[in-house]
Structures are given as structure tokens and as C-alpha cells.
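Participant: One structure is given below, represented as C-alpha cells, and several questions about it will come after.
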Amino acid sequence: MANRRDAAPKQASDGPAATGSRHALGEGEVAAYLRRHPDFLQRHPDLLDAMAPPARASGDGVVDFQQAMIERLRADLARTQAERDELVAVGRANAHAQARLHQGVLALLTARSFEHLIEMLTADLAFALDIDAVSLGVEPSALDAAPPKRPLGVYRLSAGAVDTMLGSGRTVRLIGDTPGDPALFPTCARLIRSAALIRLSVGEATPPAVIALGSRDPAHFAEGQGTELLVFLGRTVECLVRAWLDLPE
């Protein structure tokens, strides 16, 4: 009796050709597959963007509105995707900046004295925020009674300078693509190309002061950017100064 071999069942392929097929697919095979799977483009809508839809037949001088609408939809989709990518990038940058500022503020909380606080503010904070300079400008009345030798990074301003620099009533000012102010960055004004100024209002017994953050990147600080984190930094420094000098709010 002759031996019989059971033929293995042939499995159906979910694609236009069986897996491992080496021959190139013809247009007829692709068309037949699409007819058998009319929902294929619904399951793979991204392919529509790579396909060229046929233009409808029309007479000379007649515009094919269907083709124009499809091209417009494609342009809208590309623009939407670009805007989405930009928002994601901005969100990541903001999260990174927030993490850096929180690290800097936590470091200020570890100051062992008022002098140490000022040193950390004007030296260590620049590294924490990945910028090039941090300085503290104070109007004259506070410095008149201060020791002649001021900490590095603390500079005396003329009376009324804080309002002139920030504008009356403003807490934060962002300055983009502008050389640094020598009054705030005496040693590196030529390096600075953008800055953030934060008003400090420690108390009635203390004069106006300003924290100046400087960067060599012209776009690091610019009008229109959010200022919530900078306001938070300013309020934190105010609280720390009041605590170390035992001043009322």
C-alpha cells in the first residue's frame, strides 16, 4: 500500500502576497487584494498621504476642485503635525527649565548664612540654571550702611534704577537679543545677549533691588515667554533674605 503524505494546509495571507514570496507584486494583485479588503486604507490612513489621487476628467480651463481640496487637506495635516511637534518640544524645554530652577531654589535653601545665600545666588545659581551670569543690583540706601567690601556679584545701582530698568510696577522683564547692561553685568556685559530682570521687594526698610539673569544666547530670554518660574524665584529670594536679616514682611 502506497505511503500517503498529508498535505499541510495552506494558510491565508493577510497581505497582497504570501510571506516569503520573492516575485514582485503586479498592479492586478494589489488591486485584487484591496478589493478583498475594502477597509485597508481605513486601517492604514497614513498611506493616503503618500498616494497621488487621480484628477477627475474635465474640460480645458476647468479647475479640478477635488484634487485641490485633497492637496489643501494634506497641507493642513502637515501644518498640524508641525505645530504638534513644536508644542511637544516647547513642553519638554519648559519642563527642563522648571526642573533646573527648582534645583537652584532648593540649593538656596541650604545656605548657612546670609553671606552664603548671596554667594550661592550670584555664583552657583548660574550653573544650576545653565546661564552665564547672575547678579544682584541694589539701590543705594541699603549699601550706605553696608561694609565697604561687597560680595562679588552684588552691585550698587543709582536711585530709581530698578523702576527705570523694569518699568514702574513690573515684577519681571525679559530682554532678548540685546547686549547686557554694564550696570548689572560690569564684568561680562559684552558676553550677555539676553537677560531676565526680577524685582525684589524685601520690605519697607530695604531699598528696591533686582536679580539679573544673563545668557550669551540671544533667544534664551525674550518677550512673550512665561515668567511664572522667575516670579517664584524672586519671591523665594525675598523670603530667604527676610529670614536671614530677621525682617518683617
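Order determines the names: the first chain of the C-alpha cells is A, the second B, and so forth; residues in each chain are numbered 1 upward, and ligands are numbered 1 upward as they are shown.
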Can you list, as an mmCIF file with N, CA and C atoms, in the first residue's frame, every protein, DNA or RNA residue that comes within 9 Å of Arg199 (chain A) when you count only C-alpha atoms, leaving out same-chain residues fewer than 2 positions away?

Facilitator:
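Dumped to around-v8.cif:
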data_model
loop_
_atom_site.group_PDB
_atom_site.id
_atom_site.type_symbol
_atom_site.label_atom_id
_atom_site.label_comp_id
_atom_site.auth_asym_id
_atom_site.auth_seq_id
_atom_site.Cartn_x
_atom_site.Cartn_y
_atom_site.Cartn_z
ATOM 1 N N VAL A 162 15.868 100.677 39.473
ATOM 2 C CA VAL A 162 15.065 99.462 39.319
ATOM 3 C C VAL A 162 13.799 99.761 38.515
ATOM 4 N N ASP A 163 13.122 100.863 38.848
ATOM 5 C CA ASP A 163 11.924 101.235 38.083
ATOM 6 C C ASP A 163 12.283 101.564 36.640
ATOM 7 N N LEU A 166 13.017 98.043 34.879
ATOM 8 C CA LEU A 166 11.894 97.124 34.726
ATOM 9 C C LEU A 166 10.610 97.812 34.277
ATOM 10 N N ARG A 170 6.253 96.709 37.365
ATOM 11 C CA ARG A 170 6.518 95.399 36.768
ATOM 12 C C ARG A 170 7.409 94.570 37.681
ATOM 13 N N THR A 171 7.115 93.280 37.759
ATOM 14 C CA THR A 171 7.899 92.366 38.594
ATOM 15 C C THR A 171 9.021 91.715 37.803
ATOM 16 N N VAL A 172 8.768 91.391 36.547
ATOM 17 C CA VAL A 172 9.754 90.708 35.710
ATOM 18 C C VAL A 172 9.808 91.385 34.346
ATOM 19 N N ARG A 173 11.002 91.512 33.819
ATOM 20 C CA ARG A 173 11.178 91.992 32.451
ATOM 21 C C ARG A 173 12.137 91.069 31.723
ATOM 22 N N LEU A 197 15.177 90.254 34.256
ATOM 23 C CA LEU A 197 15.292 91.088 35.448
ATOM 24 C C LEU A 197 14.115 90.795 36.367
ATOM 25 N N SER A 201 11.342 92.935 46.338
ATOM 26 C CA SER A 201 10.732 93.855 47.305
ATOM 27 C C SER A 201 10.765 93.160 48.659
ATOM 28 N N PRO A 208 14.752 99.103 46.880
ATOM 29 C CA PRO A 208 14.479 98.233 45.733
ATOM 30 C C PRO A 208 15.751 97.537 45.270
ATOM 31 N N ALA A 209 15.586 96.329 44.807
ATOM 32 C CA ALA A 209 16.713 95.554 44.299
ATOM 33 C C ALA A 209 16.231 94.731 43.111
ATOM 34 N N VAL A 210 17.179 94.183 42.368
ATOM 35 C CA VAL A 210 16.832 93.395 41.187
ATOM 36 C C VAL A 210 17.819 92.248 41.024
ATOM 37 N N ILE A 211 17.293 91.071 40.734
ATOM 38 C CA ILE A 211 18.123 89.946 40.324
ATOM 39 C C ILE A 211 18.210 89.983 38.802
ATOM 40 N N ALA A 212 19.414 89.919 38.266
ATOM 41 C CA ALA A 212 19.620 89.921 36.817
ATOM 42 C C ALA A 212 20.212 88.586 36.384
ATOM 43 N N VAL A 231 9.088 84.641 38.681
ATOM 44 C CA VAL A 231 8.388 85.253 39.818
ATOM 45 C C VAL A 231 8.576 84.385 41.063
ATOM 46 N N GLY A 234 11.997 84.962 42.483
ATOM 47 C CA GLY A 234 12.070 86.236 43.180
ATOM 48 C C GLY A 234 11.410 86.189 44.547
#

Participant: Just list as a ChimeraX atom specification whatever in region 84-173 of chain A DSSP marks as strand (DSSP E or B).

Facilitator: /A:133-138,154-156,172-173

Participant: Distance CA of Glu204 (chain A)-CA of Ile175 (chain A), one decimal place?

Facilitator: 27.9 Å

Participant: Do a neighbour search on Leu106 (chain A) at 12 Å with only C-alpha atoms, toss out local chain neighbours closer than 5 positions, and write the hits as a list of chain:residue names.

Facilitator: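 Here the answer would be A:Ala99, A:Arg100, A:Leu101, A:Ala111, A:Leu117, A:Met120, A:Leu121, A:Asp124, A:Leu125, A:Ala128, A:Leu233, A:Thr236, A:Val237, A:Leu240.
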